[in-house]
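Asker: Following this line is work.cif, made up of mmCIF, C-alpha atoms and all ligand atoms:
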data_upload
#
loop_
_atom_site.label_atom_id
_atom_site.label_comp_id
_atom_site.auth_asym_id
_atom_site.auth_seq_id
_atom_site.Cartn_x
_atom_site.Cartn_y
_atom_site.Cartn_z
CA MET A 13 0.00 0.00 0.00
CA ASN A 14 1.02 3.62 -0.34
CA GLY A 15 2.96 4.47 2.75
CA TYR A 16 4.40 0.95 3.08
CA LYS A 17 8.15 1.27 3.12
CA GLY A 18 9.11 -2.38 3.50
CA ASN A 19 11.30 -4.20 1.03
CA LEU A 20 9.83 -7.56 0.21
CA ILE A 21 11.91 -8.15 -2.87
CA ARG A 22 14.92 -10.24 -2.09
CA ILE A 23 17.31 -12.01 -4.36
CA MET A 24 16.63 -15.71 -4.11
CA GLU A 25 19.11 -18.53 -4.45
CA ASN A 26 18.44 -21.01 -7.23
CA GLN A 27 16.46 -23.66 -5.44
CA GLN A 28 14.41 -25.35 -8.09
CA SER A 29 15.04 -26.74 -11.50
CA LEU A 30 13.96 -24.88 -14.62
CA LEU A 31 10.63 -25.76 -16.08
CA ASP A 32 11.23 -28.76 -18.35
CA PHE A 33 8.08 -28.00 -20.32
CA PRO A 34 7.07 -25.48 -22.99
CA LEU A 35 6.28 -22.01 -21.66
CA THR A 36 2.61 -22.34 -22.52
CA VAL A 37 -0.60 -23.08 -20.65
CA ASP A 38 -0.29 -26.68 -21.90
CA GLY A 39 3.26 -26.72 -20.51
CA VAL A 40 1.92 -25.64 -17.11
CA ALA A 41 -0.58 -28.51 -17.21
CA SER A 42 2.23 -30.95 -18.07
CA TYR A 43 4.36 -29.56 -15.23
CA ILE A 44 1.51 -30.13 -12.74
CA LEU A 45 0.77 -33.61 -14.12
CA SER A 46 4.46 -34.57 -13.96
CA GLY A 47 4.33 -34.44 -10.17
CA LYS A 48 7.29 -32.02 -10.07
CA CYS A 49 4.92 -29.23 -9.15
CA GLN A 50 3.53 -29.97 -5.70
CA LYS A 51 3.04 -26.48 -4.30
CA ILE A 52 1.09 -23.76 -6.06
CA ALA A 53 0.56 -20.21 -4.80
CA PHE A 54 -2.00 -17.87 -6.34
CA LEU A 55 -2.10 -14.09 -6.41
CA THR A 56 -5.46 -12.85 -7.63
CA GLY A 57 -7.04 -9.48 -8.30
CA ALA A 58 -10.31 -7.94 -9.35
CA GLY A 59 -10.13 -9.51 -12.84
CA VAL A 60 -10.99 -12.95 -11.43
CA SER A 61 -14.36 -11.63 -10.26
CA VAL A 62 -15.23 -9.84 -13.51
CA GLY A 63 -16.78 -13.10 -14.74
CA ALA A 64 -19.06 -12.96 -11.69
CA GLY A 65 -20.31 -9.51 -12.75
CA ILE A 66 -18.16 -7.30 -10.48
CA PRO A 67 -16.26 -4.60 -12.41
CA ASP A 68 -12.54 -4.30 -11.70
CA PHE A 69 -10.82 -1.05 -10.75
CA ARG A 70 -8.66 0.16 -13.62
CA SER A 71 -10.24 -1.19 -16.82
CA PRO A 72 -12.63 0.99 -18.83
CA GLY A 73 -15.90 0.69 -16.90
CA GLY A 74 -14.00 -0.12 -13.71
CA MET A 75 -14.49 1.58 -10.36
CA TYR A 76 -11.85 4.26 -10.87
CA ASP A 77 -12.73 4.81 -14.51
CA THR A 78 -16.41 5.44 -13.71
CA LEU A 79 -15.86 7.41 -10.49
CA LYS A 80 -17.99 10.57 -10.42
CA PRO A 81 -16.76 12.69 -7.52
CA GLU A 82 -19.47 15.29 -8.22
CA LEU A 83 -22.12 12.78 -7.04
CA LEU A 84 -20.42 12.17 -3.70
CA THR A 85 -21.01 14.21 -0.55
CA ALA A 86 -17.65 15.99 -0.41
CA THR A 87 -15.95 19.37 -0.36
CA LYS A 88 -14.60 20.91 -3.57
CA GLU A 89 -11.06 20.16 -2.45
CA GLN A 90 -11.92 16.50 -1.77
CA ARG A 91 -13.58 16.20 -5.19
CA ASP A 92 -10.55 17.75 -6.89
CA MET A 93 -8.28 15.25 -5.13
CA MET A 94 -10.46 12.34 -6.36
CA LYS A 95 -10.45 13.75 -9.89
CA SER A 96 -6.67 13.92 -10.00
CA ASP A 97 -6.25 10.50 -8.31
CA PRO A 98 -9.35 8.25 -8.17
CA THR A 99 -7.72 6.00 -5.56
CA TYR A 100 -8.13 8.94 -3.15
CA VAL A 101 -11.75 7.79 -2.73
CA VAL A 102 -10.39 4.80 -0.78
CA ASN A 103 -7.65 6.72 1.01
CA LYS A 104 -7.39 6.73 4.79
CA ARG A 105 -6.98 10.51 4.96
CA LEU A 106 -10.19 11.13 3.05
CA PHE A 107 -12.08 8.56 5.13
CA GLN A 108 -10.92 10.13 8.38
CA ALA A 109 -12.12 13.54 7.19
CA ASN A 110 -15.29 12.33 5.50
CA GLN A 111 -16.79 8.86 5.90
CA LEU A 112 -19.52 9.43 3.33
CA CYS A 113 -17.55 9.26 0.06
CA TYR A 114 -16.47 5.69 0.76
CA LEU A 115 -19.91 4.56 1.92
CA GLU A 116 -21.75 6.23 -0.96
CA LEU A 117 -19.41 4.74 -3.53
CA ARG A 118 -19.56 1.30 -1.94
CA ARG A 119 -23.27 1.19 -0.96
CA PRO A 120 -24.42 -1.27 -3.70
CA PHE A 121 -21.31 -3.41 -3.21
CA ILE A 122 -21.80 -3.62 0.57
CA LEU A 123 -25.50 -4.48 0.21
CA GLY A 124 -24.92 -6.79 -2.78
CA ILE A 125 -22.40 -8.86 -0.84
CA ALA A 126 -24.85 -9.12 2.06
CA GLU A 127 -27.43 -10.56 -0.40
CA THR A 128 -24.86 -12.93 -2.00
CA LYS A 129 -25.59 -11.19 -5.29
CA TRP A 130 -22.38 -12.48 -6.90
CA LYS A 131 -21.20 -16.09 -7.14
CA ALA A 132 -17.74 -17.61 -7.41
CA THR A 133 -16.44 -18.32 -10.91
CA ILE A 134 -14.62 -21.19 -12.59
CA THR A 135 -11.38 -19.44 -11.56
CA HIS A 136 -12.33 -19.45 -7.86
CA TRP A 137 -13.41 -23.10 -8.07
CA PHE A 138 -10.22 -24.03 -9.92
CA ILE A 139 -8.24 -22.70 -6.95
CA ALA A 140 -10.43 -24.72 -4.58
CA THR A 141 -9.77 -27.80 -6.74
CA CYS A 142 -6.02 -27.23 -6.40
CA HIS A 143 -6.55 -27.41 -2.66
CA LYS A 144 -8.66 -30.56 -3.00
CA LYS A 145 -5.77 -32.16 -4.92
CA GLY A 146 -3.32 -31.16 -2.18
CA LEU A 147 -1.51 -28.67 -4.40
CA LEU A 148 -2.43 -25.30 -2.92
CA THR A 149 0.16 -23.50 -0.83
CA ARG A 150 -1.95 -20.39 -0.40
CA LEU A 151 -4.30 -18.05 -2.17
CA TYR A 152 -3.29 -14.41 -1.81
CA THR A 153 -6.33 -12.46 -2.89
CA GLN A 154 -6.46 -8.71 -3.22
CA ASN A 155 -10.23 -8.99 -3.51
CA ILE A 156 -12.66 -8.06 -0.78
CA ASP A 157 -15.76 -9.51 -2.43
CA GLY A 158 -15.69 -12.74 -0.42
CA LEU A 159 -16.07 -15.01 -3.47
CA ASP A 160 -12.94 -16.97 -2.48
CA PHE A 161 -14.71 -18.00 0.73
CA GLN A 162 -17.79 -19.28 -1.13
CA THR A 163 -15.75 -22.25 -2.38
CA LYS A 164 -15.25 -23.38 1.23
CA LEU A 165 -11.48 -23.16 1.01
CA PRO A 166 -10.19 -23.43 4.58
CA GLU A 167 -9.60 -19.94 5.95
CA ASP A 168 -5.93 -20.65 6.62
CA LYS A 169 -5.44 -21.17 2.86
CA ILE A 170 -6.69 -17.65 2.06
CA VAL A 171 -4.84 -14.43 2.75
CA SER A 172 -7.15 -11.45 2.28
CA VAL A 173 -4.37 -9.05 1.41
CA HIS A 174 -6.59 -5.97 1.36
CA GLY A 175 -8.90 -7.02 4.16
CA THR A 176 -12.50 -8.17 4.00
CA MET A 177 -16.07 -6.91 3.70
CA GLY A 178 -17.14 -9.70 6.04
CA LEU A 179 -16.20 -7.79 9.20
CA ILE A 180 -17.13 -4.28 10.24
CA GLY A 181 -14.96 -2.14 12.47
CA CYS A 182 -14.18 1.40 13.49
CA GLU A 183 -11.14 2.88 11.74
CA ASP A 184 -10.71 5.14 14.73
CA CYS A 185 -11.00 3.04 17.91
CA GLY A 186 -10.97 -0.46 16.39
CA ALA A 187 -14.32 -1.54 17.91
CA ASN A 188 -16.32 -4.17 16.02
CA CYS A 189 -19.87 -3.78 14.82
CA SER A 190 -22.25 -6.50 13.62
CA VAL A 191 -22.49 -6.79 9.85
CA GLU A 192 -26.28 -6.88 9.95
CA GLU A 193 -26.57 -3.76 12.07
CA PHE A 194 -24.08 -1.90 9.88
CA ASN A 195 -25.83 -2.93 6.65
CA ASN A 196 -29.18 -1.72 8.01
CA LYS A 197 -27.58 1.62 8.80
CA VAL A 198 -26.05 1.80 5.32
CA LYS A 199 -29.52 1.23 3.83
CA ARG A 200 -31.11 3.87 6.06
CA ASN A 201 -28.37 6.52 6.18
CA ILE A 202 -26.53 6.44 2.87
CA LYS A 203 -27.90 7.85 -0.38
CA ASP A 204 -27.76 5.81 -3.58
CA ILE A 205 -25.63 7.74 -6.09
CA TYR A 206 -26.46 5.08 -8.71
CA LYS A 207 -30.23 5.78 -8.38
CA LEU A 208 -31.14 2.11 -8.28
CA ASP A 209 -32.74 1.94 -4.83
CA PRO A 210 -35.91 4.02 -4.44
CA THR A 211 -35.90 3.35 -0.68
CA ALA A 212 -32.54 5.08 -0.19
CA PRO A 213 -32.52 8.49 1.52
CA ALA A 214 -32.01 11.64 -0.61
CA GLU A 215 -29.11 12.82 1.57
CA SER A 216 -26.55 10.84 3.52
CA THR A 217 -25.94 11.03 7.24
CA PRO A 218 -22.78 9.56 8.82
CA ILE A 219 -22.74 6.27 10.73
CA PRO A 220 -21.00 6.82 14.06
CA CYS A 221 -19.25 4.13 16.07
CA GLU A 222 -21.23 3.28 19.20
CA THR A 223 -18.02 2.86 21.20
CA CYS A 224 -16.12 6.08 20.42
CA GLY A 225 -18.80 8.20 18.74
CA LYS A 226 -16.61 9.03 15.75
CA ASN A 227 -17.72 8.45 12.15
CA GLY A 228 -15.27 5.61 11.71
CA LEU A 229 -17.38 2.56 10.87
CA LYS A 230 -16.65 0.69 7.65
CA PRO A 231 -15.94 -2.83 6.44
CA ARG A 232 -12.51 -4.03 7.54
CA THR A 233 -10.85 -3.41 4.19
CA VAL A 234 -7.44 -1.83 3.78
CA LEU A 235 -7.50 1.83 2.77
CA TYR A 236 -4.59 3.45 0.94
CA GLY A 237 -2.22 4.68 3.60
CA SER A 238 -3.02 1.80 6.00
CA ARG A 239 -0.92 -1.19 6.92
CA LEU A 240 -1.74 -4.60 5.51
CA PRO A 241 -2.95 -7.37 7.86
CA ASP A 242 -0.15 -9.04 9.86
CA ARG A 243 -1.21 -12.36 8.35
CA PHE A 244 0.01 -11.22 4.95
CA PHE A 245 3.55 -10.78 6.23
CA GLN A 246 3.44 -13.94 8.35
CA SER A 247 2.21 -16.06 5.43
CA ILE A 248 4.75 -14.79 2.92
CA SER A 249 7.57 -15.60 5.31
CA THR A 250 6.22 -19.16 5.64
CA ASP A 251 5.48 -19.68 1.95
CA PHE A 252 8.17 -17.92 -0.06
CA PRO A 253 10.26 -19.14 -1.68
CA GLN A 254 10.49 -22.73 -0.42
CA ASN A 255 6.82 -23.64 -0.57
CA VAL A 256 6.14 -22.48 -4.09
CA ASP A 257 6.85 -24.62 -7.19
CA LEU A 258 4.56 -22.47 -9.34
CA ILE A 259 2.95 -19.09 -8.82
CA ILE A 260 -0.23 -18.27 -10.72
CA VAL A 261 -1.04 -14.57 -11.00
CA ALA A 262 -4.52 -13.87 -12.32
CA GLY A 263 -6.66 -10.81 -13.01
CA THR A 264 -4.48 -8.17 -11.44
CA SER A 265 -2.79 -5.11 -12.90
CA LEU A 266 0.08 -5.65 -10.43
CA THR A 267 0.07 -1.93 -9.65
CA VAL A 268 -0.39 -1.97 -5.90
CA SER A 269 2.45 -2.80 -3.56
CA PRO A 270 3.37 -4.80 -1.61
CA ALA A 271 1.00 -7.42 -3.11
CA ASN A 272 2.54 -6.92 -6.54
CA GLU A 273 5.92 -8.01 -5.19
CA LEU A 274 4.79 -11.59 -4.55
CA PRO A 275 5.82 -12.86 -8.00
CA CYS A 276 9.34 -11.62 -7.19
CA LEU A 277 9.57 -13.67 -4.00
CA VAL A 278 9.68 -17.07 -5.66
CA SER A 279 12.97 -18.70 -6.53
CA GLU A 280 14.39 -17.26 -9.73
CA LYS A 281 13.74 -20.49 -11.61
CA THR A 282 10.19 -21.03 -10.38
CA PRO A 283 7.67 -20.77 -13.23
CA ARG A 284 5.15 -17.94 -13.08
CA LEU A 285 1.87 -18.17 -14.97
CA LEU A 286 0.28 -14.79 -15.67
CA VAL A 287 -3.34 -14.70 -16.76
CA ASN A 288 -4.44 -11.19 -17.58
CA ARG A 289 -5.98 -9.24 -20.45
CA GLU A 290 -2.78 -7.19 -20.76
CA PRO A 291 0.86 -8.07 -20.10
CA VAL A 292 1.49 -6.58 -16.66
CA GLY A 293 4.41 -6.31 -14.27
CA LYS A 294 7.22 -5.75 -16.78
CA GLU A 295 8.73 -3.22 -14.37
CA LEU A 296 8.72 -5.98 -11.74
CA GLY A 297 10.86 -8.19 -13.97
CA ILE A 298 8.15 -10.34 -15.53
CA LYS A 299 9.31 -11.32 -18.98
CA TYR A 300 7.16 -11.76 -22.05
CA GLY A 301 7.77 -13.51 -25.34
CA THR A 302 11.15 -14.87 -26.29
CA SER A 303 12.95 -13.08 -23.44
CA SER A 304 11.13 -15.29 -20.92
CA THR A 305 12.83 -18.33 -19.47
CA ARG A 306 10.14 -19.19 -16.92
CA ASP A 307 7.22 -16.73 -17.30
CA ILE A 308 4.15 -18.01 -19.10
CA TYR A 309 1.48 -15.58 -20.28
CA SER A 310 -2.11 -15.92 -21.42
CA ASN A 311 -4.13 -12.85 -22.38
CA LYS A 312 -7.37 -14.82 -22.44
CA GLU A 313 -10.21 -14.43 -19.93
CA CYS A 314 -9.40 -16.06 -16.59
CA ASP A 315 -12.36 -18.41 -16.64
CA LEU A 316 -11.41 -19.73 -20.07
CA VAL A 317 -7.79 -20.33 -19.07
CA PHE A 318 -8.71 -22.15 -15.87
CA LEU A 319 -11.42 -24.15 -17.64
CA TYR A 320 -8.81 -25.19 -20.19
CA LEU A 321 -6.27 -26.05 -17.51
CA ALA A 322 -8.93 -28.06 -15.66
CA SER A 323 -9.67 -29.98 -18.87
CA LYS A 324 -5.99 -30.79 -19.35
CA LEU A 325 -5.61 -31.84 -15.72
CA GLY A 326 -8.71 -34.06 -15.73
CA TRP A 327 -10.47 -31.81 -13.21
CA ILE A 328 -13.69 -31.10 -15.13
CA GLU A 329 -15.68 -33.46 -12.90
CA ASP A 330 -14.42 -31.57 -9.86
CA LEU A 331 -15.68 -28.30 -11.34
CA LYS A 332 -18.99 -29.87 -12.35
CA GLU A 333 -19.65 -30.94 -8.77
CA ASN A 334 -20.02 -27.27 -7.93
CA ILE A 335 -21.72 -25.97 -11.05
CA HIS A 336 -24.87 -24.92 -9.17
CA GLU A 337 -22.77 -22.74 -6.86
CA MET A 338 -21.15 -20.87 -9.75
CA ALA A 339 -21.74 -17.52 -11.39
CA PRO A 340 -24.16 -17.80 -14.35
CA LEU A 341 -21.46 -17.16 -16.96
CA SER A 342 -19.25 -19.88 -15.46
CA GLN A 343 -22.16 -22.34 -15.49
CA GLN A 344 -22.73 -21.54 -19.15
CA LEU A 345 -19.04 -21.99 -20.03
CA LEU A 346 -18.91 -25.33 -18.28
CA ARG A 347 -22.10 -26.55 -20.00
CA GLU A 348 -20.79 -25.45 -23.40
CA PHE A 349 -17.55 -27.28 -22.71
CA GLU A 350 -19.50 -30.42 -21.85
CA GLU A 351 -21.28 -30.24 -25.22
CA LYS A 352 -18.37 -29.34 -27.49
CA LYS A 353 -15.28 -30.43 -25.50
CA ILE A 354 -13.57 -27.25 -26.66
CA VAL A 355 -12.66 -24.12 -24.71
CA PRO A 356 -13.10 -20.98 -26.87
CA GLY A 357 -9.70 -19.58 -27.81
CA PHE A 358 -7.96 -22.92 -27.18
CA GLU A 359 -9.16 -24.74 -30.28
CA GLN A 360 -6.36 -26.80 -31.85
P1 LIG A 401 -7.20 -3.76 -11.42
O1 LIG A 401 -8.51 -3.22 -11.85
O2 LIG A 401 -6.10 -2.80 -11.20
O3 LIG A 401 -6.66 -4.83 -12.47
C1 LIG A 401 -7.47 -5.87 -12.93
C2 LIG A 401 -6.75 -6.52 -14.10
O4 LIG A 401 -7.49 -7.65 -14.50
C3 LIG A 401 -6.62 -5.60 -15.33
O5 LIG A 401 -5.31 -5.66 -15.82
C4 LIG A 401 -7.63 -6.21 -16.32
O6 LIG A 401 -7.24 -6.07 -17.67
C5 LIG A 401 -7.62 -7.66 -15.92
N1 LIG A 401 -8.89 -8.36 -16.20
C6 LIG A 401 -10.14 -7.92 -16.03
N2 LIG A 401 -11.02 -8.89 -16.30
C7 LIG A 401 -10.32 -9.97 -16.65
C8 LIG A 401 -10.65 -11.30 -17.05
N3 LIG A 401 -11.91 -11.71 -17.11
N4 LIG A 401 -9.66 -12.16 -17.35
C9 LIG A 401 -8.35 -11.76 -17.30
N5 LIG A 401 -7.98 -10.52 -16.93
C10 LIG A 401 -8.93 -9.64 -16.60
O7 LIG A 401 -7.47 -4.64 -10.11
P2 LIG A 401 -6.41 -5.16 -9.04
O8 LIG A 401 -5.12 -5.48 -9.68
O9 LIG A 401 -7.09 -6.22 -8.27
O10 LIG A 401 -7.04 -1.97 -3.57
O11 LIG A 401 -6.24 -3.88 -8.14
C11 LIG A 401 -5.35 -3.95 -7.05
C12 LIG A 401 -5.86 -3.08 -5.93
O12 LIG A 401 -6.09 -1.77 -6.43
C13 LIG A 401 -7.21 -3.51 -5.39
O13 LIG A 401 -7.12 -4.53 -4.43
C14 LIG A 401 -7.73 -2.24 -4.80
C15 LIG A 401 -7.33 -1.26 -5.87
O14 LIG A 401 -7.10 0.04 -5.45
C16 LIG A 401 -7.63 -1.24 -2.62
O15 LIG A 401 -8.69 -0.68 -2.75
C17 LIG A 401 -6.87 -1.17 -1.38
#
Let me see the file written as C-alpha cells.
Ligand code: OAD
Answerer:
Amino acid sequence: MNGYKGNLIRIMENQQSLLDFPLTVDGVASYILSGKCQKIAFLTGAGVSVGAGIPDFRSPGGMYDTLKPELLTATKEQRDMMKSDPTYVVNKRLFQANQLCYLELRRPFILGIAETKWKATITHWFIATCHKKGLLTRLYTQNIDGLDFQTKLPEDKIVSVHGTMGLIGCEDCGANCSVEEFNNKVKRNIKDIYKLDPTAPAESTPIPCETCGKNGLKPRTVLYGSRLPDRFFQSISTDFPQNVDLIIVAGTSLTVSPANELPCLVSEKTPRLLVNREPVGKELGIKYGTSSTRDIYSNKECDLVFLYLASKLGWIEDLKENIHEMAPLSQQLLREFEEKKIVPGFEQ
C-alpha cells in the first residue's frame, strides 16, 4: 500500500530446477501432471471476479474509470483530489475527514455482498480444486468480495491481502460492529448515487461508532495509507520461496504494492503463470515472449484459461460438482464445454 516502506523483494538462491516443459498453458498442465509441481501459490485481483459480474478497478468501466466525484457528498477540495487521483476515494486521509464518500461509492457493493448477489467463478473453483488435490500453498487475494470464501477453502489457505467486507470495524478506535446492524444503517443513512434503490434516503448522514462516537465505521478493508494485515507478512515468510513450485497470478494489474511483489519472491527459476488481459508487471521483472525463461502468459479471460487447464488436468468433474454454486457465466461456459469439449480460444 502507499505508505508501506518495506522491502519484500529479495534475491533468491536457485532452489528449483527450470521448467522442463514449454512455456505455454499446456506446458503448465504438463508440469503439474508430472508431479514435479507440488506447491502452487495464487495471487489474484479484481479480474478474477469480472466473470461474476463485479467490475474491476482500472479497466474501462471499472471503479476508478467510472468514479464521479461530483455525485459524492464531499468538499470541492476533496472532489478535486479524487479527480486527480481516483484511488483517493479509498484513502485513509479522506475517510478520516469524510466517511460518506467511501460509503456512498460502496453502498451497492456492501449491500450486494450481504445478499450474495455475486457467485464464485470457474477461476475461484479451480483454486479450490487445487486445494482438494493437495496442491495449494496459499491463495493471496487482493479482492474483498468474499467469493474466495464461497468455495469453502479453509480460511488458513486464504490471505485477504486488502482485508474483508465480512467484518465491520471502526477505523478510529478499532471496535467491532455487527455486519447486519451496519448494513441496516447503510440502507437507512446512505444515499444511492447510482439511483437504483428508491428506498434510499435523498441525503446521507454519517454512521457513528457506538463505542467512540466518531464516524469511523466501515468494512474491515485496507485503505490506501493503511498497513496490511499481519497475516500477509506472516504467510509470505512461511510460503516464499520454499513452498512455491509455481505461482499463478490472475486478473491483477500488479500496480499496488506490496501485493505486486509476490511474483518476485519465488525462486528465480520457479515458473510464473500470468493470466491477464494485458501483459502486466514488466517493471517488476516479468518477462514476455522470447525473453522469458520461466514466465508463461495468457491474455485470455481467466475463466477460459482455468477451464482449459482443468480440462488438461482431468479436473472437469471436480468443477462440475459445484456448477450450481457458480456464477451464471461460469455455469454456461462449463455446460458449453461439456457439449463441445472445446474451450473458446484454445481450439487446436
Ligand atoms: P485492477 O482493476 O487494477 O486490475 C485488474 C486486471 O485484470 C486488469 O489488468 C484487467 O485487464 C484484468 N482483467 C479484467 N477482467 C479480466 C478477465 N476476465 N480475465 C483476465 N484478466 C482480466 O485490479 P487489481 O489489480 O485487483 O485496492 O487492483 C489492485 C488493488 O487496487 C485492489 O485490491 C484495490 C485497488 O485500489 C484497494 O482498494 C486497497
Asker: Output as JSON the centre and edge lengths (Å, one decimal) of the box along x, y and z of the file that holds every listed atom of ligand LIG 401 (chain A) after adding 6 Å on each side.
Answerer:
{"center_x": -8.5, "center_y": -6.1, "center_z": -9.5, "size_x": 18.8, "size_y": 24.2, "size_z": 28.3}
Asker: Give the answer as one residue: which of A:Glu89, A:Glu280, A:Glu82, A:Glu116 has the shortest atom-to-atom distance to Ala212 of chain A, using only C-alpha atoms?
Answerer: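 For Ala212 of chain A, the nearest of the given residues is A:Glu116.
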Asker: Find, counting all atoms listed in the file, the residue in A:Arg118, A:Lys144, A:Lys169, A:Arg347 that gets nearest to ligand LIG 401 (chain A).
Answerer: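 Of A:Arg118, A:Lys144, A:Lys169, A:Arg347, the one nearest ligand LIG 401 (chain A), counting all atoms listed in the file, is A:Arg118.
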Asker: Distance cut-off 9 Å, centre (9.0, -22.3, -0.9) in file coordinates, counting all atoms listed in the file: which residues qualify? Return them as a list in words.
Answerer: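 Every residue inside that radius is included here: Gln27, Lys51, Thr149, Thr250, Asp251, Phe252, Pro253, Gln254, Asn255, Val256, Asp257, Val278 and Ser279 of chain A.
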Asker: Can those selected residues be exported to a file as a JSON list (two decimals), in the coordinates of the input so that it contains C-alpha atoms?
Answerer:
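Final output, out-v5.json:
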[["chain", "number", "residue", "atom", "x", "y", "z"],
["A", 27, "GLN", "CA", 16.46, -23.66, -5.44],
["A", 51, "LYS", "CA", 3.04, -26.48, -4.30],
["A", 149, "THR", "CA", 0.16, -23.50, -0.83],
["A", 250, "THR", "CA", 6.22, -19.16, 5.64],
["A", 251, "ASP", "CA", 5.48, -19.68, 1.95],
["A", 252, "PHE", "CA", 8.17, -17.92, -0.06],
["A", 253, "PRO", "CA", 10.26, -19.14, -1.68],
["A", 254, "GLN", "CA", 10.49, -22.73, -0.42],
["A", 255, "ASN", "CA", 6.82, -23.64, -0.57],
["A", 256, "VAL", "CA", 6.14, -22.48, -4.09],
["A", 257, "ASP", "CA", 6.85, -24.62, -7.19],
["A", 278, "VAL", "CA", 9.68, -17.07, -5.66],
["A", 279, "SER", "CA", 12.97, -18.70, -6.53]]
Asker: Residues at most 7 Å from ligand LIG 401 (chain A), using all atoms listed in the file? Could they come as a ChimeraX atom specification?
Answerer: /A:56-60,62-63,68-71,74,99,102,154-155,174,234-236,262-268,287-290,292,311-315
Asker: Using all atoms listed in the file for the distances, tell me which of A:Leu123, A:Thr223, A:His136, A:Phe318 is nearest to Asn196 of chain A.
Answerer: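 So, comparing all the options, the nearest one is A:Leu123.
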Asker: Kindly indicate which residue among A:Ser42, A:Asn103, A:Gln344, A:Thr153 lies nearest to Leu274 of chain A, using all atoms listed in the file for the distances.
Answerer: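 Of all the options, A:Thr153 lies closest to Leu274 of chain A.
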Asker: For a cut-off of 12 Å around (5.4, -1.3, -10.0), file coordinates, pick out all residues using only C-alpha atoms and list them as a list in words.
Answerer: Met13, Asn14, Ile21, Ser265, Leu266, Thr267, Val268, Ser269, Pro270, Ala271, Asn272, Glu273, Leu274, Pro275, Cys276, Val292, Gly293, Lys294, Glu295, Leu296, Gly297 and Ile298 of chain A
Asker: Nearest to Ala214 of chain A: which of A:Lys199, A:Lys226, A:Lys145, A:Lys352 is it, counting all atoms listed in the file?
Answerer: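 The closest residue to Ala214 of chain A is A:Lys199.
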Asker: What is the distance, in Å and to one decimal place, between atom CA of Ile260 of chain A and atom CA of Ile170 of chain A?
Answerer: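 Spanning atom CA of Ile260 of chain A to atom CA of Ile170 of chain A is a straight-line distance of 14.3 Å.
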Asker: For a test of reading the model, state the distance in Å between atom CA of Ala187 of chain A and atom CA of Leu106 of chain A, rounded to one decimal.
Answerer: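 Interatomic distance, atom CA of Ala187 of chain A to atom CA of Leu106 of chain A: 20.0 Å.
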Asker: Go through segment 226-255 of chain A and flag each residue having an atom no more than 9 Å from segment 181-186 of chain A; for those, report the closest pair of atoms plus their distance in Å to one decimal, using only C-alpha atoms, ordered by chain and rising number, as a tab-separated table.
Answerer:
residue	atom	partner	partner_atom	distance
A:Lys226	CA	A:Asp184	CA	7.1
A:Asn227	CA	A:Cys182	CA	8.0
A:Gly228	CA	A:Cys182	CA	4.7
A:Leu229	CA	A:Cys182	CA	4.3
A:Lys230	CA	A:Gly181	CA	5.8
A:Pro231	CA	A:Gly181	CA	6.1
A:Arg232	CA	A:Gly181	CA	5.8
